[in-house]
Amino acid sequence: MASGGPPDLEVVARVLGGDGEAFGIIIRRYEPGLLRFATRMLGQQDAAADAVAEGLVRAYRHLASCRDPARLRTWLYRIVANRCKSHLARRSSMEVRLDDAPPIADAADSEAMVERNEQMERVQRALATLPPDKREAFVMKHVEGLSYEEMAQATGDRIPALKMRVHRAREALVAALQEQEEVL
Amino acid sequence: MTHIDPRVHEALDGERPLESLPPDLRAEAERLLEVAALLAAAPVAASVATRVMAHLAEPRPSRLRRLLQWIARPQAVTFHLRPVWSLAVAAALAVFALLPGGGPLELGPEEGIAEFVLPASGAHSVHVAGSFNDWRAGGIALEDRNHDGVWRATVVLPVGQHEYMFVVDGERWVADPNAGRYVDDDFGRENAVLIVRRASR
(Lines give C-alpha, C1' and ligand atoms only; values in the text may rest on other atoms or scores of the structure.)
Protein backbone atom coordinates (compact mmCIF):
# COMPACT_ATOMS: atom_id res chain seq x y z
CA MET A 1 0.00 0.00 0.00
CA ALA A 2 1.29 3.44 -0.83
CA SER A 3 -0.47 6.77 -0.59
CA GLY A 4 0.99 9.25 -3.03
CA GLY A 5 4.25 8.82 -4.90
CA PRO A 6 5.29 5.79 -6.88
CA PRO A 7 3.79 2.45 -5.84
CA ASP A 8 5.84 0.17 -3.59
CA LEU A 9 6.32 -2.33 -6.40
CA GLU A 10 8.06 0.32 -8.48
CA VAL A 11 10.19 1.63 -5.59
CA VAL A 12 11.31 -1.87 -4.68
CA ALA A 13 12.26 -2.54 -8.31
CA ARG A 14 14.31 0.67 -8.35
CA VAL A 15 16.18 -0.27 -5.17
CA LEU A 16 16.85 -3.78 -6.42
CA GLY A 17 18.01 -2.27 -9.68
CA GLY A 18 20.75 -0.40 -7.84
CA ASP A 19 19.07 2.89 -6.91
CA GLY A 20 19.80 2.72 -3.18
CA GLU A 21 18.55 6.26 -2.64
CA ALA A 22 15.05 5.12 -3.57
CA PHE A 23 14.97 3.24 -0.27
CA GLY A 24 14.52 6.69 1.29
CA ILE A 25 11.02 6.74 -0.23
CA ILE A 26 10.19 3.54 1.62
CA ILE A 27 11.58 4.95 4.86
CA ARG A 28 9.61 8.19 4.57
CA ARG A 29 6.48 6.27 3.70
CA TYR A 30 6.50 3.72 6.50
CA GLU A 31 8.82 5.00 9.21
CA PRO A 32 6.18 6.95 11.18
CA GLY A 33 3.99 3.87 11.64
CA LEU A 34 6.95 1.61 12.40
CA LEU A 35 8.30 4.02 15.01
CA ARG A 36 4.88 4.33 16.61
CA PHE A 37 4.49 0.55 16.64
CA ALA A 38 7.96 -0.05 18.12
CA THR A 39 7.54 2.70 20.71
CA ARG A 40 4.27 1.18 21.90
CA MET A 41 5.80 -2.31 21.92
CA LEU A 42 8.96 -1.42 23.80
CA GLY A 43 7.80 1.54 25.90
CA GLN A 44 11.12 3.27 25.34
CA GLN A 45 11.87 5.65 22.50
CA ASP A 46 15.59 4.86 22.31
CA ALA A 47 14.98 1.13 22.08
CA ALA A 48 12.20 1.72 19.55
CA ALA A 49 14.50 3.83 17.36
CA ASP A 50 17.13 1.09 17.49
CA ALA A 51 14.60 -1.59 16.59
CA VAL A 52 13.27 0.38 13.62
CA ALA A 53 16.74 1.34 12.39
CA GLU A 54 17.92 -2.28 12.61
CA GLY A 55 14.72 -3.43 10.93
CA LEU A 56 15.06 -1.00 8.04
CA VAL A 57 18.69 -1.93 7.47
CA ARG A 58 17.73 -5.60 7.45
CA ALA A 59 14.84 -4.85 5.11
CA TYR A 60 17.23 -3.15 2.69
CA ARG A 61 19.72 -5.99 2.84
CA HIS A 62 17.05 -8.61 2.28
CA LEU A 63 14.73 -6.68 -0.02
CA ALA A 64 15.20 -9.28 -2.73
CA SER A 65 13.62 -11.86 -0.42
CA CYS A 66 10.41 -9.81 -0.16
CA ARG A 67 8.42 -12.10 -2.37
CA ASP A 68 5.44 -9.80 -2.69
CA PRO A 69 6.52 -6.15 -2.79
CA ALA A 70 2.85 -5.14 -2.96
CA ARG A 71 2.73 -6.28 0.66
CA LEU A 72 5.83 -4.36 1.63
CA ARG A 73 4.13 -2.63 4.54
CA THR A 74 3.26 -5.84 6.38
CA TRP A 75 6.69 -7.29 5.53
CA LEU A 76 8.29 -4.28 7.25
CA TYR A 77 6.02 -4.66 10.29
CA ARG A 78 7.08 -8.28 10.47
CA ILE A 79 10.76 -7.41 10.48
CA VAL A 80 10.37 -4.62 13.04
CA ALA A 81 8.15 -6.83 15.20
CA ASN A 82 10.94 -9.42 15.18
CA ARG A 83 13.46 -6.74 16.12
CA CYS A 84 11.20 -5.72 19.01
CA LYS A 85 10.97 -9.35 20.00
CA SER A 86 14.71 -9.61 20.00
CA HIS A 87 15.00 -6.50 22.19
CA LEU A 88 12.41 -7.85 24.60
CA ALA A 89 14.18 -11.20 24.74
CA ARG A 90 17.23 -9.43 26.12
CA ARG A 91 15.35 -8.08 29.07
CA SER A 92 12.85 -9.78 31.29
CA SER A 93 9.25 -8.65 31.17
CA MET A 94 9.77 -7.13 34.61
CA GLU A 95 12.24 -4.74 33.10
CA VAL A 96 9.86 -3.47 30.48
CA ARG A 97 9.24 0.10 31.43
CA LEU A 98 7.97 3.23 29.89
CA ASP A 99 10.15 6.17 29.26
CA ASP A 100 10.18 8.16 32.42
CA ALA A 101 7.40 10.50 33.17
CA PRO A 102 4.95 12.10 30.82
CA PRO A 103 5.71 15.50 29.31
CA ILE A 104 6.25 17.98 32.12
CA ALA A 105 3.43 20.46 32.43
CA ASP A 106 4.39 24.02 31.92
CA ALA A 107 2.62 27.01 33.38
CA ALA A 108 1.37 27.90 29.94
CA ASP A 109 -0.24 24.51 29.44
CA SER A 110 -3.96 24.54 29.62
CA GLU A 111 -5.74 22.41 32.14
CA ALA A 112 -7.09 20.32 29.28
CA MET A 113 -3.57 19.64 27.99
CA VAL A 114 -2.37 18.58 31.43
CA GLU A 115 -5.33 16.26 31.76
CA ARG A 116 -4.68 14.80 28.31
CA ASN A 117 -1.04 14.13 29.19
CA GLU A 118 -2.11 12.37 32.35
CA GLN A 119 -4.59 10.25 30.40
CA MET A 120 -1.90 9.38 27.88
CA GLU A 121 0.43 8.36 30.66
CA ARG A 122 -2.22 6.11 32.22
CA VAL A 123 -3.01 4.48 28.88
CA GLN A 124 0.65 3.81 28.11
CA ARG A 125 1.22 2.32 31.53
CA ALA A 126 -1.83 0.09 31.10
CA LEU A 127 -0.60 -1.04 27.68
CA ALA A 128 2.81 -1.87 29.14
CA THR A 129 1.20 -4.35 31.54
CA LEU A 130 -0.04 -6.49 28.63
CA PRO A 131 2.07 -9.49 27.57
CA PRO A 132 3.95 -8.73 24.33
CA ASP A 133 1.72 -10.85 22.11
CA LYS A 134 -1.43 -9.07 23.26
CA ARG A 135 0.29 -5.68 23.13
CA GLU A 136 1.36 -6.40 19.57
CA ALA A 137 -2.14 -7.48 18.58
CA PHE A 138 -3.83 -4.40 20.07
CA VAL A 139 -1.32 -1.96 18.61
CA MET A 140 -1.39 -3.51 15.14
CA LYS A 141 -5.17 -3.58 15.06
CA HIS A 142 -6.19 -0.36 16.75
CA VAL A 143 -3.19 1.96 16.63
CA GLU A 144 -1.72 1.00 13.25
CA GLY A 145 -5.09 0.14 11.74
CA LEU A 146 -4.00 -3.14 10.16
CA SER A 147 -6.76 -5.46 9.01
CA TYR A 148 -6.78 -9.02 10.30
CA GLU A 149 -5.52 -10.16 6.90
CA GLU A 150 -2.60 -7.76 7.13
CA MET A 151 -1.91 -8.82 10.70
CA ALA A 152 -1.80 -12.43 9.53
CA GLN A 153 0.79 -11.47 6.90
CA ALA A 154 2.82 -9.54 9.45
CA THR A 155 2.79 -12.14 12.19
CA GLY A 156 2.44 -15.41 10.33
CA ASP A 157 -0.45 -16.32 12.62
CA ARG A 158 -3.94 -17.33 11.54
CA ILE A 159 -6.81 -14.86 11.53
CA PRO A 160 -9.03 -16.65 14.11
CA ALA A 161 -6.10 -16.78 16.55
CA LEU A 162 -5.34 -13.11 15.95
CA LYS A 163 -8.97 -12.16 16.44
CA MET A 164 -9.07 -13.99 19.75
CA ARG A 165 -5.79 -12.33 20.78
CA VAL A 166 -7.14 -8.86 19.98
CA HIS A 167 -10.29 -9.61 22.01
CA ARG A 168 -8.21 -10.75 24.97
CA ALA A 169 -5.97 -7.72 24.60
CA ARG A 170 -8.95 -5.35 24.76
CA GLU A 171 -10.20 -7.05 27.90
CA ALA A 172 -6.78 -7.01 29.53
CA LEU A 173 -6.34 -3.35 28.66
CA VAL A 174 -9.71 -2.38 30.10
CA ALA A 175 -8.88 -4.34 33.26
CA ALA A 176 -5.50 -2.61 33.58
CA LEU A 177 -7.10 0.81 33.13
CA GLN A 178 -9.74 0.01 35.74
CA GLU A 179 -7.04 -1.13 38.13
CA GLN A 180 -5.21 2.15 37.71
CA GLU A 181 -8.39 4.13 38.31
CA GLU A 182 -8.97 2.19 41.54
CA VAL A 183 -5.45 3.01 42.70
CA LEU A 184 -5.95 6.70 41.99
CA MET B 1 -9.52 -9.91 32.97
CA THR B 2 -12.63 -7.85 32.29
CA HIS B 3 -15.34 -9.41 30.19
CA ILE B 4 -16.39 -7.39 27.17
CA ASP B 5 -19.72 -8.06 25.54
CA PRO B 6 -19.23 -9.88 22.19
CA ARG B 7 -21.27 -7.17 20.45
CA VAL B 8 -18.61 -4.63 21.43
CA HIS B 9 -15.92 -6.82 19.88
CA GLU B 10 -18.04 -7.18 16.74
CA ALA B 11 -18.41 -3.41 16.45
CA LEU B 12 -14.69 -2.84 17.02
CA ASP B 13 -13.92 -5.50 14.42
CA GLY B 14 -16.12 -3.69 11.92
CA GLU B 15 -18.67 -6.49 11.84
CA ARG B 16 -21.57 -4.34 13.02
CA PRO B 17 -22.18 -0.58 13.10
CA LEU B 18 -21.23 1.17 16.33
CA GLU B 19 -24.62 2.89 16.23
CA SER B 20 -26.38 -0.46 16.53
CA LEU B 21 -25.08 -0.95 20.07
CA PRO B 22 -27.13 -0.07 23.15
CA PRO B 23 -25.86 3.15 24.82
CA ASP B 24 -23.84 1.44 27.57
CA LEU B 25 -22.06 -0.89 25.15
CA ARG B 26 -21.50 1.90 22.68
CA ALA B 27 -19.84 3.94 25.43
CA GLU B 28 -17.58 0.96 26.18
CA ALA B 29 -16.57 0.65 22.53
CA GLU B 30 -15.96 4.38 22.23
CA ARG B 31 -13.81 4.31 25.34
CA LEU B 32 -11.53 1.73 23.70
CA LEU B 33 -11.39 3.77 20.50
CA GLU B 34 -10.39 6.83 22.56
CA VAL B 35 -7.61 4.78 24.17
CA ALA B 36 -6.36 3.76 20.73
CA ALA B 37 -6.51 7.36 19.53
CA LEU B 38 -4.43 8.48 22.52
CA LEU B 39 -1.83 5.83 21.76
CA ALA B 40 -1.74 6.86 18.12
CA ALA B 41 -1.19 10.48 19.10
CA ALA B 42 1.39 9.93 21.86
CA PRO B 43 5.00 10.93 21.13
CA VAL B 44 7.19 8.35 19.42
CA ALA B 45 10.90 7.93 18.80
CA ALA B 46 12.59 10.47 16.56
CA SER B 47 13.21 9.69 12.89
CA VAL B 48 16.01 7.27 12.11
CA ALA B 49 15.99 7.98 8.36
CA THR B 50 19.33 9.80 8.29
CA ARG B 51 20.97 7.14 10.44
CA VAL B 52 19.66 4.31 8.27
CA MET B 53 20.61 5.93 4.96
CA ALA B 54 24.09 6.73 6.27
CA HIS B 55 24.51 3.13 7.34
CA LEU B 56 23.37 1.87 3.95
CA ALA B 57 25.79 4.18 2.20
CA GLU B 58 28.73 2.50 3.95
CA PRO B 59 30.30 -0.21 1.80
CA ARG B 60 29.31 -3.59 3.08
CA PRO B 61 32.24 -5.81 4.08
CA SER B 62 32.95 -8.62 1.66
CA ARG B 63 31.69 -12.11 2.45
CA LEU B 64 35.23 -13.16 3.33
CA ARG B 65 35.67 -10.21 5.65
CA ARG B 66 32.34 -10.92 7.33
CA LEU B 67 33.38 -14.54 7.75
CA LEU B 68 36.66 -13.48 9.31
CA GLN B 69 34.86 -11.05 11.61
CA TRP B 70 32.50 -13.81 12.65
CA ILE B 71 35.38 -16.19 13.34
CA ALA B 72 37.23 -13.53 15.32
CA ARG B 73 34.18 -12.77 17.42
CA PRO B 74 33.80 -14.85 20.58
CA GLN B 75 31.05 -17.37 19.84
CA ALA B 76 29.13 -19.25 22.40
CA VAL B 77 28.99 -22.91 21.53
CA THR B 78 25.78 -24.65 20.89
CA PHE B 79 24.85 -28.01 22.12
CA HIS B 80 21.82 -29.40 20.53
CA LEU B 81 19.60 -31.72 22.49
CA ARG B 82 17.06 -33.95 20.90
CA PRO B 83 15.95 -37.08 22.74
CA VAL B 84 16.42 -39.43 19.80
CA TRP B 85 19.91 -38.22 19.09
CA SER B 86 21.10 -37.39 22.57
CA LEU B 87 22.70 -40.81 23.13
CA ALA B 88 24.42 -40.69 19.77
CA VAL B 89 25.68 -37.17 20.45
CA ALA B 90 26.88 -38.20 23.89
CA ALA B 91 28.70 -41.16 22.33
CA ALA B 92 30.25 -38.90 19.71
CA LEU B 93 31.40 -36.51 22.41
CA ALA B 94 32.91 -39.39 24.33
CA VAL B 95 34.82 -40.44 21.21
CA PHE B 96 36.12 -36.90 20.81
CA ALA B 97 37.20 -36.87 24.42
CA LEU B 98 39.02 -40.19 24.11
CA LEU B 99 40.86 -39.42 20.90
CA PRO B 100 44.59 -38.89 21.51
CA GLY B 101 45.33 -35.21 21.17
CA GLY B 102 41.64 -34.38 21.14
CA GLY B 103 39.17 -34.21 18.29
CA PRO B 104 38.88 -31.59 15.60
CA LEU B 105 37.03 -29.23 17.92
CA GLU B 106 38.78 -27.75 20.94
CA LEU B 107 36.40 -27.96 23.84
CA GLY B 108 36.81 -26.05 27.06
CA PRO B 109 35.93 -27.71 30.33
CA GLU B 110 32.52 -26.08 30.32
CA GLU B 111 31.69 -26.57 26.67
CA GLY B 112 29.92 -29.09 24.50
CA ILE B 113 28.98 -29.58 20.87
CA ALA B 114 25.63 -28.94 19.27
CA GLU B 115 24.47 -29.70 15.77
CA PHE B 116 21.64 -27.62 14.39
CA VAL B 117 19.65 -29.12 11.54
CA LEU B 118 16.72 -27.57 9.69
CA PRO B 119 15.06 -28.93 6.56
CA ALA B 120 14.22 -25.76 4.61
CA SER B 121 13.96 -26.36 0.89
CA GLY B 122 13.93 -23.14 -1.07
CA ALA B 123 15.51 -21.07 1.69
CA HIS B 124 18.25 -18.68 0.66
CA SER B 125 19.83 -18.54 4.10
CA VAL B 126 19.32 -20.08 7.51
CA HIS B 127 20.83 -18.82 10.75
CA VAL B 128 20.38 -19.84 14.32
CA ALA B 129 19.86 -17.24 17.01
CA GLY B 130 19.45 -17.90 20.68
CA SER B 131 20.20 -17.12 24.25
CA PHE B 132 23.80 -18.21 23.57
CA ASN B 133 24.50 -15.37 21.12
CA ASP B 134 22.23 -12.66 22.49
CA TRP B 135 19.63 -13.53 19.84
CA ARG B 136 21.74 -12.05 17.05
CA ALA B 137 19.90 -13.24 13.99
CA GLY B 138 22.86 -13.27 11.61
CA GLY B 139 25.50 -14.67 13.95
CA ILE B 140 25.63 -18.39 13.22
CA ALA B 141 24.92 -19.52 9.67
CA LEU B 142 23.77 -23.00 8.71
CA GLU B 143 24.91 -24.45 5.40
CA ASP B 144 23.20 -26.60 2.82
CA ARG B 145 26.36 -28.27 1.60
CA ASN B 146 24.61 -31.13 -0.18
CA HIS B 147 22.07 -28.83 -1.83
CA ASP B 148 19.34 -31.11 -0.55
CA GLY B 149 17.44 -28.45 1.36
CA VAL B 150 18.77 -29.62 4.73
CA TRP B 151 20.74 -26.88 6.51
CA ARG B 152 23.29 -27.78 9.17
CA ALA B 153 25.76 -26.17 11.54
CA THR B 154 27.93 -27.69 14.22
CA VAL B 155 28.94 -25.34 16.99
CA VAL B 156 30.44 -25.37 20.45
CA LEU B 157 28.34 -23.94 23.26
CA PRO B 158 28.67 -23.47 26.99
CA VAL B 159 27.17 -26.28 29.00
CA GLY B 160 23.68 -25.62 30.25
CA GLN B 161 20.26 -24.88 28.86
CA HIS B 162 19.80 -22.61 25.85
CA GLU B 163 16.81 -21.35 23.90
CA TYR B 164 17.03 -20.82 20.17
CA MET B 165 15.17 -20.26 16.93
CA PHE B 166 16.09 -20.47 13.29
CA VAL B 167 15.99 -17.38 11.10
CA VAL B 168 15.16 -18.25 7.53
CA ASP B 169 16.01 -15.77 4.77
CA GLY B 170 16.97 -13.18 7.32
CA GLU B 171 13.50 -12.41 8.55
CA ARG B 172 11.35 -15.48 9.21
CA TRP B 173 11.79 -16.87 12.71
CA VAL B 174 10.90 -20.53 12.99
CA ALA B 175 11.16 -22.96 15.85
CA ASP B 176 13.16 -26.14 15.38
CA PRO B 177 10.52 -28.72 14.38
CA ASN B 178 12.71 -31.50 15.78
CA ALA B 179 13.53 -30.04 19.16
CA GLY B 180 12.84 -32.14 22.20
CA ARG B 181 11.50 -29.27 24.26
CA TYR B 182 9.97 -25.85 23.72
CA VAL B 183 9.22 -22.87 25.92
CA ASP B 184 6.78 -20.05 25.37
CA ASP B 185 8.52 -16.95 24.05
CA ASP B 186 5.72 -14.59 25.19
CA PHE B 187 4.82 -13.90 21.57
CA GLY B 188 2.43 -16.78 21.16
CA ARG B 189 5.21 -18.86 19.68
CA GLU B 190 7.72 -21.19 21.21
CA ASN B 191 11.48 -21.24 21.38
CA ALA B 192 13.23 -24.58 21.06
CA VAL B 193 15.31 -25.65 24.02
CA LEU B 194 18.61 -27.46 23.92
CA ILE B 195 20.76 -28.65 26.75
CA VAL B 196 24.48 -28.72 26.31
CA ARG B 197 26.23 -31.30 28.40
CA ARG B 198 29.84 -31.33 29.43
CA ALA B 199 31.91 -33.67 27.27
CA SER B 200 33.31 -36.49 29.38
CA ARG B 201 37.10 -36.61 29.41
# chains A, B, ... in the order shown; residues from 1 in each chain; ligands from 1

call {"tool": "residues_around", "arguments": {"residues": "segment 38-43 of chain B", "least_positions_apart": "5", "cutoff": "12 Å", "atoms": "only C-alpha atoms", "output": "PyMOL selection string"}}
result
(chain A and resi 32-41+43-45+48+99+102-103+116-128+135+138-145) or (chain B and resi 31-33)

call {"tool": "residues_around", "arguments": {"residues": "Pro69 of chain A", "least_positions_apart": "4", "cutoff": "9 Å", "atoms": "only C-alpha atoms", "output": "list of chain:residue names"}}
result
A:Asp8, A:Leu9, A:Glu10, A:Val12, A:Ala13, A:Leu63, A:Arg73, A:Trp75

call {"tool": "residues_around", "arguments": {"residues": "segment 152-169 of chain B", "least_positions_apart": "6", "cutoff": "9 Å", "atoms": "only C-alpha atoms", "output": "PyMOL selection string"}}
result
(chain A and resi 62+65) or (chain B and resi 75-80+105-120+123-132+135+137-138+140-145+175-176+182-183+190-199)

call {"tool": "closest_residue", "arguments": {"among": "B:Arg16, B:Arg26, B:His147, B:His9", "to": "chain A", "atoms": "only C-alpha atoms"}}
result
B:His9

call {"tool": "closest_residue", "arguments": {"among": "A:Leu130, A:Ala70, A:Ile26, A:Ile79", "to": "chain B", "atoms": "only C-alpha atoms"}}
result
A:Ile79

call {"tool": "closest_residue", "arguments": {"among": "B:Gly149, B:Pro23, B:Gly122, B:Pro177", "to": "chain A", "atoms": "only C-alpha atoms"}}
result
B:Gly122

call {"tool": "residues_around", "arguments": {"residues": "Glu54 of chain A", "least_positions_apart": "2", "cutoff": "12 Å", "atoms": "only C-alpha atoms", "output": "PyMOL selection string"}}
result
(chain A and resi 34-35+38+47-52+56-61+76+79-84+86-87) or (chain B and resi 48-49+51-53+55-56+136-137+171)

call {"tool": "residues_around", "arguments": {"residues": "Glu30 of chain B", "least_positions_apart": "2", "cutoff": "12 Å", "atoms": "only C-alpha atoms", "output": "VMD selection string"}}
result
chain B and resid 8 to 9 11 to 12 18 to 19 21 23 to 28 32 to 37

call {"tool": "decode", "arguments": {"residues": "segment 103-137 of chain B", "atoms": "N, CA and C atoms", "output": "tab-separated table (two decimals), in the first residue's frame"}}
result
chain	number	residue	atom	x	y	z
B	103	GLY	N	39.85	-34.14	19.57
B	103	GLY	CA	39.17	-34.21	18.29
B	103	GLY	C	39.40	-32.93	17.51
B	104	PRO	N	38.69	-32.78	16.43
B	104	PRO	CA	38.88	-31.59	15.60
B	104	PRO	C	38.39	-30.32	16.28
B	105	LEU	N	37.50	-30.43	17.24
B	105	LEU	CA	37.03	-29.23	17.92
B	105	LEU	C	37.67	-29.14	19.30
B	106	GLU	N	38.18	-27.96	19.63
B	106	GLU	CA	38.78	-27.75	20.94
B	106	GLU	C	37.66	-27.39	21.90
B	107	LEU	N	37.46	-28.22	22.88
B	107	LEU	CA	36.40	-27.96	23.84
B	107	LEU	C	36.98	-27.52	25.16
B	108	GLY	N	36.43	-26.46	25.73
B	108	GLY	CA	36.81	-26.05	27.06
B	108	GLY	C	36.13	-26.96	28.07
B	109	PRO	N	36.51	-26.83	29.32
B	109	PRO	CA	35.93	-27.71	30.33
B	109	PRO	C	34.43	-27.52	30.51
B	110	GLU	N	33.94	-26.36	30.15
B	110	GLU	CA	32.52	-26.08	30.32
B	110	GLU	C	31.81	-25.92	28.99
B	111	GLU	N	32.28	-26.69	27.99
B	111	GLU	CA	31.69	-26.57	26.67
B	111	GLU	C	31.28	-27.93	26.12
B	112	GLY	N	30.35	-27.88	25.18
B	112	GLY	CA	29.92	-29.09	24.50
B	112	GLY	C	29.61	-28.75	23.05
B	113	ILE	N	29.23	-29.78	22.30
B	113	ILE	CA	28.98	-29.58	20.87
B	113	ILE	C	27.49	-29.70	20.58
B	114	ALA	N	27.02	-28.86	19.69
B	114	ALA	CA	25.63	-28.94	19.27
B	114	ALA	C	25.57	-28.93	17.75
B	115	GLU	N	24.69	-29.76	17.21
B	115	GLU	CA	24.47	-29.70	15.77
B	115	GLU	C	23.05	-29.21	15.53
B	116	PHE	N	22.95	-28.15	14.76
B	116	PHE	CA	21.64	-27.62	14.39
B	116	PHE	C	21.29	-28.11	12.99
B	117	VAL	N	20.08	-28.60	12.84
B	117	VAL	CA	19.65	-29.12	11.54
B	117	VAL	C	18.24	-28.59	11.24
B	118	LEU	N	18.06	-28.03	10.08
B	118	LEU	CA	16.72	-27.57	9.69
B	118	LEU	C	16.46	-27.90	8.23
B	119	PRO	N	15.46	-28.73	7.96
B	119	PRO	CA	15.06	-28.93	6.56
B	119	PRO	C	14.33	-27.67	6.09
B	120	ALA	N	14.84	-27.00	5.09
B	120	ALA	CA	14.22	-25.76	4.61
B	120	ALA	C	14.48	-25.62	3.11
B	121	SER	N	13.79	-26.43	2.34
B	121	SER	CA	13.96	-26.36	0.89
B	121	SER	C	13.54	-24.98	0.39
B	122	GLY	N	14.30	-24.43	-0.49
B	122	GLY	CA	13.93	-23.14	-1.07
B	122	GLY	C	14.45	-21.95	-0.29
B	123	ALA	N	14.99	-22.20	0.91
B	123	ALA	CA	15.51	-21.07	1.69
B	123	ALA	C	16.80	-20.56	1.04
B	124	HIS	N	17.01	-19.26	1.16
B	124	HIS	CA	18.25	-18.68	0.66
B	124	HIS	C	19.32	-18.63	1.74
B	125	SER	N	18.88	-18.53	2.99
B	125	SER	CA	19.83	-18.54	4.10
B	125	SER	C	19.11	-19.03	5.34
B	126	VAL	N	19.86	-19.67	6.22
B	126	VAL	CA	19.32	-20.08	7.51
B	126	VAL	C	20.37	-19.76	8.57
B	127	HIS	N	19.95	-19.11	9.62
B	127	HIS	CA	20.83	-18.82	10.75
B	127	HIS	C	20.17	-19.35	12.01
B	128	VAL	N	20.96	-19.50	13.03
B	128	VAL	CA	20.38	-19.84	14.32
B	128	VAL	C	20.70	-18.70	15.28
B	129	ALA	N	19.69	-18.30	16.02
B	129	ALA	CA	19.86	-17.24	17.01
B	129	ALA	C	19.31	-17.76	18.32
B	130	GLY	N	19.94	-17.38	19.40
B	130	GLY	CA	19.45	-17.90	20.68
B	130	GLY	C	20.04	-17.19	21.85
B	131	SER	N	19.72	-17.73	23.01
B	131	SER	CA	20.20	-17.12	24.25
B	131	SER	C	21.72	-17.18	24.32
B	132	PHE	N	22.35	-18.07	23.53
B	132	PHE	CA	23.80	-18.21	23.57
B	132	PHE	C	24.52	-17.14	22.76
B	133	ASN	N	23.82	-16.43	21.88
B	133	ASN	CA	24.50	-15.37	21.12
B	133	ASN	C	23.71	-14.06	21.16
B	134	ASP	N	22.98	-13.89	22.28
B	134	ASP	CA	22.23	-12.66	22.49
B	134	ASP	C	21.18	-12.45	21.40
B	135	TRP	N	20.69	-13.54	20.85
B	135	TRP	CA	19.63	-13.53	19.84
B	135	TRP	C	20.03	-12.72	18.60
B	136	ARG	N	21.31	-12.73	18.29
B	136	ARG	CA	21.74	-12.05	17.05
B	136	ARG	C	21.36	-12.94	15.87
B	137	ALA	N	20.49	-12.41	15.03
B	137	ALA	CA	19.90	-13.24	13.99
B	137	ALA	C	20.91	-13.71	12.93
